[in-house]
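Visitor: Would you mind keeping the following structure in view while I ask a few things?
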Amino acid sequence: MKSLATFSSFVGKTFAVWVILFAVLGFFFPDVFKQIVPWIVTLLAIIMFGMGLTISVDDFREVVKRPFDVAIGVAAQFIVMPLLAVLLTMLIPMPPEVAAGVILVGCCPGGTSSNVMTYLSKGDVALSVACTSVTTLAAPIVTPFLVWLFASQFLPVDAMAMFISIVKVVLLPLALGFALQKLAPTVVRAAVPALPLVSVLGIVLIVAAVVGASKGAIVQSGLMIFAVVVLHNGLGYLLGFFAARACGLSLAKRKAIAIEVGMQNSGLGAALANAYFSPLAAVPSAIFSVWHNISGALLASYFARQVDADDKAARVATTKP
């Protein structure tokens with residue numbers, strides 16, 4: 001079990017590499033990986049069940065202890081990314097299915113990878129986890145509404161069906177995982193070290209399936225979609241950071257909110273796009289899943305070297321004789 005936990009930790013730390021590898025495999029072996037498409041929703045449900053196993057009551061205590069900070073993060077998540085997506089679809093010509101996919105991933109909640117990147121950036125991890133938890137719980141209502149509001153001009157949107165799907169693949173697995181913590185804590189503690197492996201496997205298979213099913217479209221317009229994703233993700237980091245700074249939050253909190261806003265639950269985006277639009281509409285989510293793990297790691301490395309004035313003063317005080 002120890003070796004499995006070690007391997008799982010290694011896979012979790014090298015997540016971006018595995019996502020890129022399986023995206024490439026999906027592109028070159030589409031007939032193999034597009035067979036996974038019918039299982040995308042199931043894979044996402046398994047990932048969310050694993051998240052439920054790790055959620056604690058303390059995560060929600062942060063919401064009560066720091067409602068203003070969490071509210072800034074949640075509001076930025078559901079305002080900045082959807083509006084950026086709409087702006088990009090207005091400025092960059094793209095097929096309706098791609099536009100709907102860009103908007104969909106912009107309307108998704110924060111991704112759990114943001115918590116890891118916040119930790120690596122020396123940001124406020126508790127705030128990041130609280131924001132991810134709240135946006136995930138709000139997703140069944142907020143995501144379908146925003147997609148209906150902004151993407152209906154491109155493709156028909158069944159907001160009620162999308163709501164039901166998110167409840168099934170997000171809330172229900174989360175609730176089951178959380179309940180299992182209480183019913184069988186010993187079993188859960190033993191399983192938790194292997195969860196990064198399960199999550200990474202689920203995400204990389206979703207990415208490979210979407211890439212395999214949409215190889216032709218990627219060949220035709222992949223560079224354009226990639227450019228849109230890079231802009232969406234990068235501007236999300238930037239606006240999230242400045243929104244937090246405008247609200248007077250500390251550097252550690254600004255780091256957390258910037259990363260939280262820029263990194264999306266792209267697995268959910270891919271699952272919903274494939275279920276309600278088309279495999280082509282899922283491509284922005286698949287590319288987002290690859291790119292935001294690369295950009296998130298780069299940003300975390302940069303942020304880790306940034307300290308605010310109070311931290312600098314404390315370091316100077318401790319080094320004086």
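Every chain in the structure tokens takes a letter, A first, then B, and so on in the order presented; its residues are numbered from 1, and the ligands are numbered from 1 following the presented order.
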Could you produce a table of the residues of stretch 177-250 of chain A lying within 12 Å of stretch 21-29 of chain A, with the nearest pair of atoms per residue and their separation in Å rounded to one decimal, using only C-alpha atoms, ordered by chain and increasing residue number, as a Markdown table?
Guide:
```
| residue | atom | partner | partner_atom | distance |
| --- | --- | --- | --- | --- |
| A:Val200 | CA | A:Phe22 | CA | 10.7 |
| A:Leu201 | CA | A:Phe22 | CA | 9.7 |
| A:Gly202 | CA | A:Phe22 | CA | 11.1 |
| A:Ile203 | CA | A:Phe22 | CA | 9.6 |
| A:Val204 | CA | A:Phe22 | CA | 5.8 |
| A:Leu205 | CA | A:Phe22 | CA | 7.1 |
| A:Ile206 | CA | A:Phe22 | CA | 9.3 |
| A:Val207 | CA | A:Ala23 | CA | 6.0 |
| A:Ala208 | CA | A:Gly26 | CA | 4.3 |
| A:Ala209 | CA | A:Gly26 | CA | 6.3 |
| A:Val210 | CA | A:Gly26 | CA | 7.8 |
| A:Val211 | CA | A:Gly26 | CA | 5.4 |
| A:Gly212 | CA | A:Gly26 | CA | 4.6 |
| A:Ala213 | CA | A:Gly26 | CA | 8.3 |
| A:Ser214 | CA | A:Phe27 | CA | 8.4 |
| A:Lys215 | CA | A:Phe27 | CA | 5.9 |
| A:Gly216 | CA | A:Phe27 | CA | 9.3 |
| A:Ala217 | CA | A:Phe27 | CA | 10.9 |
| A:Ile218 | CA | A:Phe27 | CA | 8.7 |
| A:Val219 | CA | A:Phe27 | CA | 9.4 |
| A:Gly222 | CA | A:Phe27 | CA | 11.3 |
```
Visitor: Would you write out those residues with C-alpha atoms, as a CSV table (one decimal), in the first residue's frame?
Guide:
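Output (part.csv):
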```csv
chain,number,residue,atom,x,y,z
A,200,VAL,CA,-5.3,11.9,-12.7
A,201,LEU,CA,-6.4,8.7,-14.5
A,202,GLY,CA,-10.0,10.0,-14.8
A,203,ILE,CA,-8.9,13.4,-16.2
A,204,VAL,CA,-6.4,12.1,-18.7
A,205,LEU,CA,-8.9,9.6,-20.0
A,206,ILE,CA,-11.5,12.3,-20.4
A,207,VAL,CA,-9.0,14.5,-22.3
A,208,ALA,CA,-7.8,11.6,-24.5
A,209,ALA,CA,-11.4,10.7,-25.3
A,210,VAL,CA,-12.4,14.2,-26.3
A,211,VAL,CA,-9.2,14.7,-28.4
A,212,GLY,CA,-9.7,11.4,-30.1
A,213,ALA,CA,-13.3,12.1,-30.9
A,214,SER,CA,-12.5,15.6,-32.3
A,215,LYS,CA,-9.2,14.9,-34.1
A,216,GLY,CA,-10.5,16.4,-37.4
A,217,ALA,CA,-11.7,19.6,-35.8
A,218,ILE,CA,-8.5,20.0,-33.9
A,219,VAL,CA,-6.5,19.6,-37.1
A,222,GLY,CA,-6.8,23.6,-33.0
```
Visitor: Using only C-alpha atoms, determine which residues lie at most 10 Å from stretch 162-167 of chain A, disregarding the query and same-chain residues fewer than 4 positions distant; provide the list as a list of chain:residue names.
Guide: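 These residues fall inside the cut-off: A:Val41, A:Ala45, A:Thr136, A:Leu137, A:Ala139, A:Pro140, A:Ile141, A:Val142, A:Thr143, A:Pro144, A:Phe145, A:Val147, A:Trp148, A:Val157, A:Asp158, A:Leu171, A:Leu172, A:Pro173, A:Leu174, A:Leu268, A:Ala271, A:Leu272, A:Ala273, A:Ala275, A:Tyr276.
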Visitor: So which residues touch stretch 234-245 of chain A within 7 Å, counting only C-alpha atoms, skipping near sequence neighbours fewer than 4 positions away, as a PDB file with N, CA and C atoms, in the first residue's frame?
Guide:
```
ATOM      1  N   ILE A  72     -15.526  37.101  -2.379  1.00  0.00           N
ATOM      2  CA  ILE A  72     -14.748  37.719  -3.457  1.00  0.00           C
ATOM      3  C   ILE A  72     -14.291  36.655  -4.447  1.00  0.00           C
ATOM      4  N   ALA A  76     -15.758  36.424  -8.219  1.00  0.00           N
ATOM      5  CA  ALA A  76     -14.803  36.579  -9.318  1.00  0.00           C
ATOM      6  C   ALA A  76     -14.851  35.367 -10.246  1.00  0.00           C
ATOM      7  N   VAL A  80     -15.889  36.825 -13.732  1.00  0.00           N
ATOM      8  CA  VAL A  80     -14.744  37.066 -14.612  1.00  0.00           C
ATOM      9  C   VAL A  80     -14.676  36.061 -15.754  1.00  0.00           C
ATOM     10  N   MET A  81     -14.695  34.750 -15.433  1.00  0.00           N
ATOM     11  CA  MET A  81     -14.474  33.749 -16.479  1.00  0.00           C
ATOM     12  C   MET A  81     -15.610  33.672 -17.505  1.00  0.00           C
ATOM     13  N   VAL A 230      -5.569  29.942 -24.014  1.00  0.00           N
ATOM     14  CA  VAL A 230      -4.446  30.619 -23.349  1.00  0.00           C
ATOM     15  C   VAL A 230      -4.854  32.022 -22.895  1.00  0.00           C
ATOM     16  N   LEU A 249      -7.317  42.649  -0.268  1.00  0.00           N
ATOM     17  CA  LEU A 249      -6.860  41.377   0.290  1.00  0.00           C
ATOM     18  C   LEU A 249      -5.335  41.275   0.275  1.00  0.00           C
ATOM     19  N   ARG A 254      -4.550  37.084  -2.546  1.00  0.00           N
ATOM     20  CA  ARG A 254      -4.586  37.448  -3.968  1.00  0.00           C
ATOM     21  C   ARG A 254      -4.070  36.294  -4.819  1.00  0.00           C
ATOM     22  N   LYS A 255      -3.021  35.644  -4.348  1.00  0.00           N
ATOM     23  CA  LYS A 255      -2.499  34.474  -5.065  1.00  0.00           C
ATOM     24  C   LYS A 255      -3.574  33.395  -5.177  1.00  0.00           C
ATOM     25  N   ILE A 257      -6.878  33.592  -4.981  1.00  0.00           N
ATOM     26  CA  ILE A 257      -8.032  33.953  -5.814  1.00  0.00           C
ATOM     27  C   ILE A 257      -7.641  34.028  -7.284  1.00  0.00           C
ATOM     28  N   ALA A 258      -6.444  34.512  -7.584  1.00  0.00           N
ATOM     29  CA  ALA A 258      -5.986  34.544  -8.978  1.00  0.00           C
ATOM     30  C   ALA A 258      -5.963  33.135  -9.570  1.00  0.00           C
ATOM     31  N   ILE A 259      -5.395  32.199  -8.837  1.00  0.00           N
ATOM     32  CA  ILE A 259      -5.298  30.820  -9.315  1.00  0.00           C
ATOM     33  C   ILE A 259      -6.675  30.168  -9.353  1.00  0.00           C
ATOM     34  N   VAL A 261      -9.568  31.600  -9.856  1.00  0.00           N
ATOM     35  CA  VAL A 261     -10.347  32.132 -10.977  1.00  0.00           C
ATOM     36  C   VAL A 261      -9.847  31.568 -12.302  1.00  0.00           C
ATOM     37  N   GLY A 262      -8.528  31.512 -12.463  1.00  0.00           N
ATOM     38  CA  GLY A 262      -7.973  31.081 -13.749  1.00  0.00           C
ATOM     39  C   GLY A 262      -8.101  29.606 -14.052  1.00  0.00           C
TER      40      GLY A 262
END
```
Visitor: What's the separation between atom CA of A:Phe277 and atom CA of A:Glu97, in Å to one decimal place?
Guide: 7.1 Å
Visitor: List the neighbours of A:Val129 out to 10 Å using only C-alpha atoms; skip same-chain residues closer than 2 positions along the sequence, and give me the result as an mmCIF file with all heavy atoms, in the first residue's frame.
Guide:
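In the end it all went to out.cif:
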```cif
data_model
loop_
_atom_site.group_PDB
_atom_site.id
_atom_site.type_symbol
_atom_site.label_atom_id
_atom_site.label_comp_id
_atom_site.auth_asym_id
_atom_site.auth_seq_id
_atom_site.Cartn_x
_atom_site.Cartn_y
_atom_site.Cartn_z
ATOM 1 N N ILE A 55 -13.118 16.176 1.328
ATOM 2 C CA ILE A 55 -13.722 17.395 1.858
ATOM 3 C C ILE A 55 -13.959 17.238 3.360
ATOM 4 O O ILE A 55 -14.421 16.191 3.821
ATOM 5 C CB ILE A 55 -15.060 17.700 1.154
ATOM 6 C CG1 ILE A 55 -14.794 18.194 -0.272
ATOM 7 C CG2 ILE A 55 -15.852 18.765 1.911
ATOM 8 C CD1 ILE A 55 -16.058 18.482 -1.047
ATOM 9 N N ASP A 58 -14.041 21.452 8.135
ATOM 10 C CA ASP A 58 -13.187 22.636 8.287
ATOM 11 C C ASP A 58 -13.182 23.497 7.025
ATOM 12 O O ASP A 58 -13.036 24.719 7.101
ATOM 13 C CB ASP A 58 -11.751 22.212 8.619
ATOM 14 C CG ASP A 58 -11.626 21.656 10.028
ATOM 15 O OD1 ASP A 58 -12.512 21.964 10.848
ATOM 16 O OD2 ASP A 58 -10.662 20.923 10.299
ATOM 17 N N ASP A 59 -13.326 22.838 5.862
ATOM 18 C CA ASP A 59 -13.357 23.597 4.615
ATOM 19 C C ASP A 59 -14.515 24.593 4.603
ATOM 20 O O ASP A 59 -14.391 25.704 4.078
ATOM 21 C CB ASP A 59 -13.490 22.642 3.414
ATOM 22 C CG ASP A 59 -12.305 21.702 3.295
ATOM 23 O OD1 ASP A 59 -11.220 22.051 3.803
ATOM 24 O OD2 ASP A 59 -12.458 20.617 2.709
ATOM 25 N N PHE A 60 -15.627 24.192 5.184
ATOM 26 C CA PHE A 60 -16.803 25.055 5.192
ATOM 27 C C PHE A 60 -16.783 26.017 6.375
ATOM 28 O O PHE A 60 -17.450 27.054 6.338
ATOM 29 C CB PHE A 60 -18.077 24.203 5.192
ATOM 30 C CG PHE A 60 -18.191 23.363 3.951
ATOM 31 C CD1 PHE A 60 -17.850 22.023 3.978
ATOM 32 C CD2 PHE A 60 -18.603 23.917 2.753
ATOM 33 C CE1 PHE A 60 -17.937 21.250 2.830
ATOM 34 C CE2 PHE A 60 -18.696 23.164 1.600
ATOM 35 C CZ PHE A 60 -18.353 21.821 1.634
ATOM 36 N N GLU A 62 -14.266 27.727 7.016
ATOM 37 C CA GLU A 62 -13.583 28.889 6.450
ATOM 38 C C GLU A 62 -14.583 29.885 5.865
ATOM 39 O O GLU A 62 -14.363 31.095 5.906
ATOM 40 C CB GLU A 62 -12.599 28.449 5.364
ATOM 41 C CG GLU A 62 -11.346 27.775 5.875
ATOM 42 C CD GLU A 62 -10.508 28.689 6.753
ATOM 43 O OE1 GLU A 62 -10.339 29.868 6.399
ATOM 44 O OE2 GLU A 62 -10.035 28.224 7.814
ATOM 45 N N VAL A 63 -15.678 29.365 5.311
ATOM 46 C CA VAL A 63 -16.699 30.226 4.725
ATOM 47 C C VAL A 63 -17.325 31.095 5.804
ATOM 48 O O VAL A 63 -17.576 32.292 5.609
ATOM 49 C CB VAL A 63 -17.781 29.390 4.011
ATOM 50 C CG1 VAL A 63 -18.846 30.299 3.405
ATOM 51 C CG2 VAL A 63 -17.151 28.512 2.938
ATOM 52 N N VAL A 70 -14.117 34.694 0.876
ATOM 53 C CA VAL A 70 -14.687 33.623 0.055
ATOM 54 C C VAL A 70 -15.653 34.202 -0.982
ATOM 55 O O VAL A 70 -15.664 33.775 -2.143
ATOM 56 C CB VAL A 70 -15.397 32.566 0.930
ATOM 57 C CG1 VAL A 70 -16.074 31.510 0.058
ATOM 58 C CG2 VAL A 70 -14.397 31.907 1.874
ATOM 59 N N GLY A 110 -14.483 26.292 -9.988
ATOM 60 C CA GLY A 110 -13.029 26.156 -9.906
ATOM 61 C C GLY A 110 -12.614 24.693 -9.872
ATOM 62 O O GLY A 110 -13.355 23.835 -9.405
ATOM 63 N N GLY A 111 -11.425 24.423 -10.383
ATOM 64 C CA GLY A 111 -10.911 23.051 -10.384
ATOM 65 C C GLY A 111 -10.101 22.755 -9.141
ATOM 66 O O GLY A 111 -9.503 23.658 -8.538
ATOM 67 N N THR A 112 -10.061 21.485 -8.763
ATOM 68 C CA THR A 112 -9.321 21.101 -7.550
ATOM 69 C C THR A 112 -7.810 21.284 -7.718
ATOM 70 O O THR A 112 -7.091 21.400 -6.724
ATOM 71 C CB THR A 112 -9.630 19.644 -7.166
ATOM 72 O OG1 THR A 112 -9.381 18.793 -8.294
ATOM 73 C CG2 THR A 112 -11.080 19.490 -6.759
ATOM 74 N N SER A 114 -6.419 23.829 -8.530
ATOM 75 C CA SER A 114 -6.095 25.162 -8.023
ATOM 76 C C SER A 114 -5.609 25.110 -6.578
ATOM 77 O O SER A 114 -4.773 25.931 -6.172
ATOM 78 C CB SER A 114 -7.321 26.083 -8.122
ATOM 79 O OG SER A 114 -8.380 25.603 -7.299
ATOM 80 N N ASN A 115 -6.109 24.156 -5.813
ATOM 81 C CA ASN A 115 -5.685 24.033 -4.414
ATOM 82 C C ASN A 115 -4.208 23.647 -4.329
ATOM 83 O O ASN A 115 -3.465 24.180 -3.501
ATOM 84 C CB ASN A 115 -6.533 22.992 -3.683
ATOM 85 C CG ASN A 115 -8.024 23.219 -3.809
ATOM 86 O OD1 ASN A 115 -8.801 22.279 -3.788
ATOM 87 N ND2 ASN A 115 -8.451 24.467 -3.992
ATOM 88 N N VAL A 116 -3.793 22.740 -5.200
ATOM 89 C CA VAL A 116 -2.385 22.324 -5.231
ATOM 90 C C VAL A 116 -1.502 23.482 -5.682
ATOM 91 O O VAL A 116 -0.448 23.747 -5.092
ATOM 92 C CB VAL A 116 -2.202 21.117 -6.184
ATOM 93 C CG1 VAL A 116 -0.730 20.724 -6.266
ATOM 94 C CG2 VAL A 116 -3.041 19.935 -5.724
ATOM 95 N N THR A 118 -2.107 26.651 -5.471
ATOM 96 C CA THR A 118 -2.079 27.681 -4.424
ATOM 97 C C THR A 118 -1.069 27.314 -3.344
ATOM 98 O O THR A 118 -0.326 28.168 -2.849
ATOM 99 C CB THR A 118 -3.471 27.867 -3.808
ATOM 100 O OG1 THR A 118 -4.385 28.281 -4.828
ATOM 101 C CG2 THR A 118 -3.456 28.905 -2.703
ATOM 102 N N ASP A 124 -2.885 31.332 0.116
ATOM 103 C CA ASP A 124 -3.820 30.964 1.183
ATOM 104 C C ASP A 124 -4.596 29.715 0.761
ATOM 105 O O ASP A 124 -5.628 29.797 0.094
ATOM 106 C CB ASP A 124 -4.778 32.131 1.439
ATOM 107 C CG ASP A 124 -5.590 31.954 2.701
ATOM 108 O OD1 ASP A 124 -5.903 30.799 3.062
ATOM 109 O OD2 ASP A 124 -5.938 32.975 3.329
ATOM 110 N N VAL A 125 -4.091 28.557 1.152
ATOM 111 C CA VAL A 125 -4.675 27.279 0.715
ATOM 112 C C VAL A 125 -6.088 27.090 1.265
ATOM 113 O O VAL A 125 -6.983 26.621 0.559
ATOM 114 C CB VAL A 125 -3.783 26.092 1.138
ATOM 115 C CG1 VAL A 125 -4.419 24.770 0.715
ATOM 116 C CG2 VAL A 125 -2.398 26.223 0.522
ATOM 117 N N ALA A 126 -6.303 27.463 2.517
ATOM 118 C CA ALA A 126 -7.632 27.310 3.123
ATOM 119 C C ALA A 126 -8.680 28.105 2.347
ATOM 120 O O ALA A 126 -9.801 27.635 2.111
ATOM 121 C CB ALA A 126 -7.608 27.740 4.584
ATOM 122 N N LEU A 127 -8.308 29.303 1.921
ATOM 123 C CA LEU A 127 -9.220 30.125 1.131
ATOM 124 C C LEU A 127 -9.486 29.479 -0.225
ATOM 125 O O LEU A 127 -10.630 29.460 -0.700
ATOM 126 C CB LEU A 127 -8.626 31.526 0.936
ATOM 127 C CG LEU A 127 -9.413 32.481 0.036
ATOM 128 C CD1 LEU A 127 -10.818 32.711 0.577
ATOM 129 C CD2 LEU A 127 -8.669 33.812 -0.111
ATOM 130 N N CYS A 131 -13.163 28.272 -1.541
ATOM 131 C CA CYS A 131 -13.743 28.795 -2.785
ATOM 132 C C CYS A 131 -14.103 27.669 -3.743
ATOM 133 O O CYS A 131 -15.174 27.681 -4.362
ATOM 134 C CB CYS A 131 -12.769 29.764 -3.453
ATOM 135 S SG CYS A 131 -12.576 31.342 -2.607
ATOM 136 N N THR A 132 -13.210 26.688 -3.881
ATOM 137 C CA THR A 132 -13.489 25.539 -4.755
ATOM 138 C C THR A 132 -14.730 24.798 -4.284
ATOM 139 O O THR A 132 -15.594 24.421 -5.088
ATOM 140 C CB THR A 132 -12.292 24.565 -4.785
ATOM 141 O OG1 THR A 132 -11.127 25.247 -5.251
ATOM 142 C CG2 THR A 132 -12.578 23.389 -5.704
ATOM 143 N N SER A 133 -14.840 24.588 -2.984
ATOM 144 C CA SER A 133 -15.983 23.862 -2.426
ATOM 145 C C SER A 133 -17.289 24.610 -2.676
ATOM 146 O O SER A 133 -18.287 24.015 -3.097
ATOM 147 C CB SER A 133 -15.784 23.646 -0.917
ATOM 148 O OG SER A 133 -14.611 22.915 -0.661
ATOM 149 N N VAL A 134 -17.284 25.912 -2.451
ATOM 150 C CA VAL A 134 -18.506 26.708 -2.615
ATOM 151 C C VAL A 134 -18.921 26.777 -4.087
ATOM 152 O O VAL A 134 -20.090 26.607 -4.424
ATOM 153 C CB VAL A 134 -18.332 28.122 -2.022
ATOM 154 C CG1 VAL A 134 -19.539 28.990 -2.359
ATOM 155 C CG2 VAL A 134 -18.156 28.039 -0.505
ATOM 156 N N ALA A 256 -4.238 33.098 -4.067
ATOM 157 C CA ALA A 256 -5.257 32.048 -4.042
ATOM 158 C C ALA A 256 -6.396 32.362 -5.008
ATOM 159 O O ALA A 256 -6.833 31.497 -5.779
ATOM 160 C CB ALA A 256 -5.799 31.872 -2.620
ATOM 161 N N GLU A 260 -7.486 30.456 -8.356
ATOM 162 C CA GLU A 260 -8.835 29.893 -8.309
ATOM 163 C C GLU A 260 -9.665 30.337 -9.506
ATOM 164 O O GLU A 260 -10.385 29.539 -10.109
ATOM 165 C CB GLU A 260 -9.523 30.321 -7.006
ATOM 166 C CG GLU A 260 -10.838 29.622 -6.726
ATOM 167 C CD GLU A 260 -10.661 28.148 -6.441
ATOM 168 O OE1 GLU A 260 -9.583 27.746 -5.964
ATOM 169 O OE2 GLU A 260 -11.604 27.373 -6.717
#
```
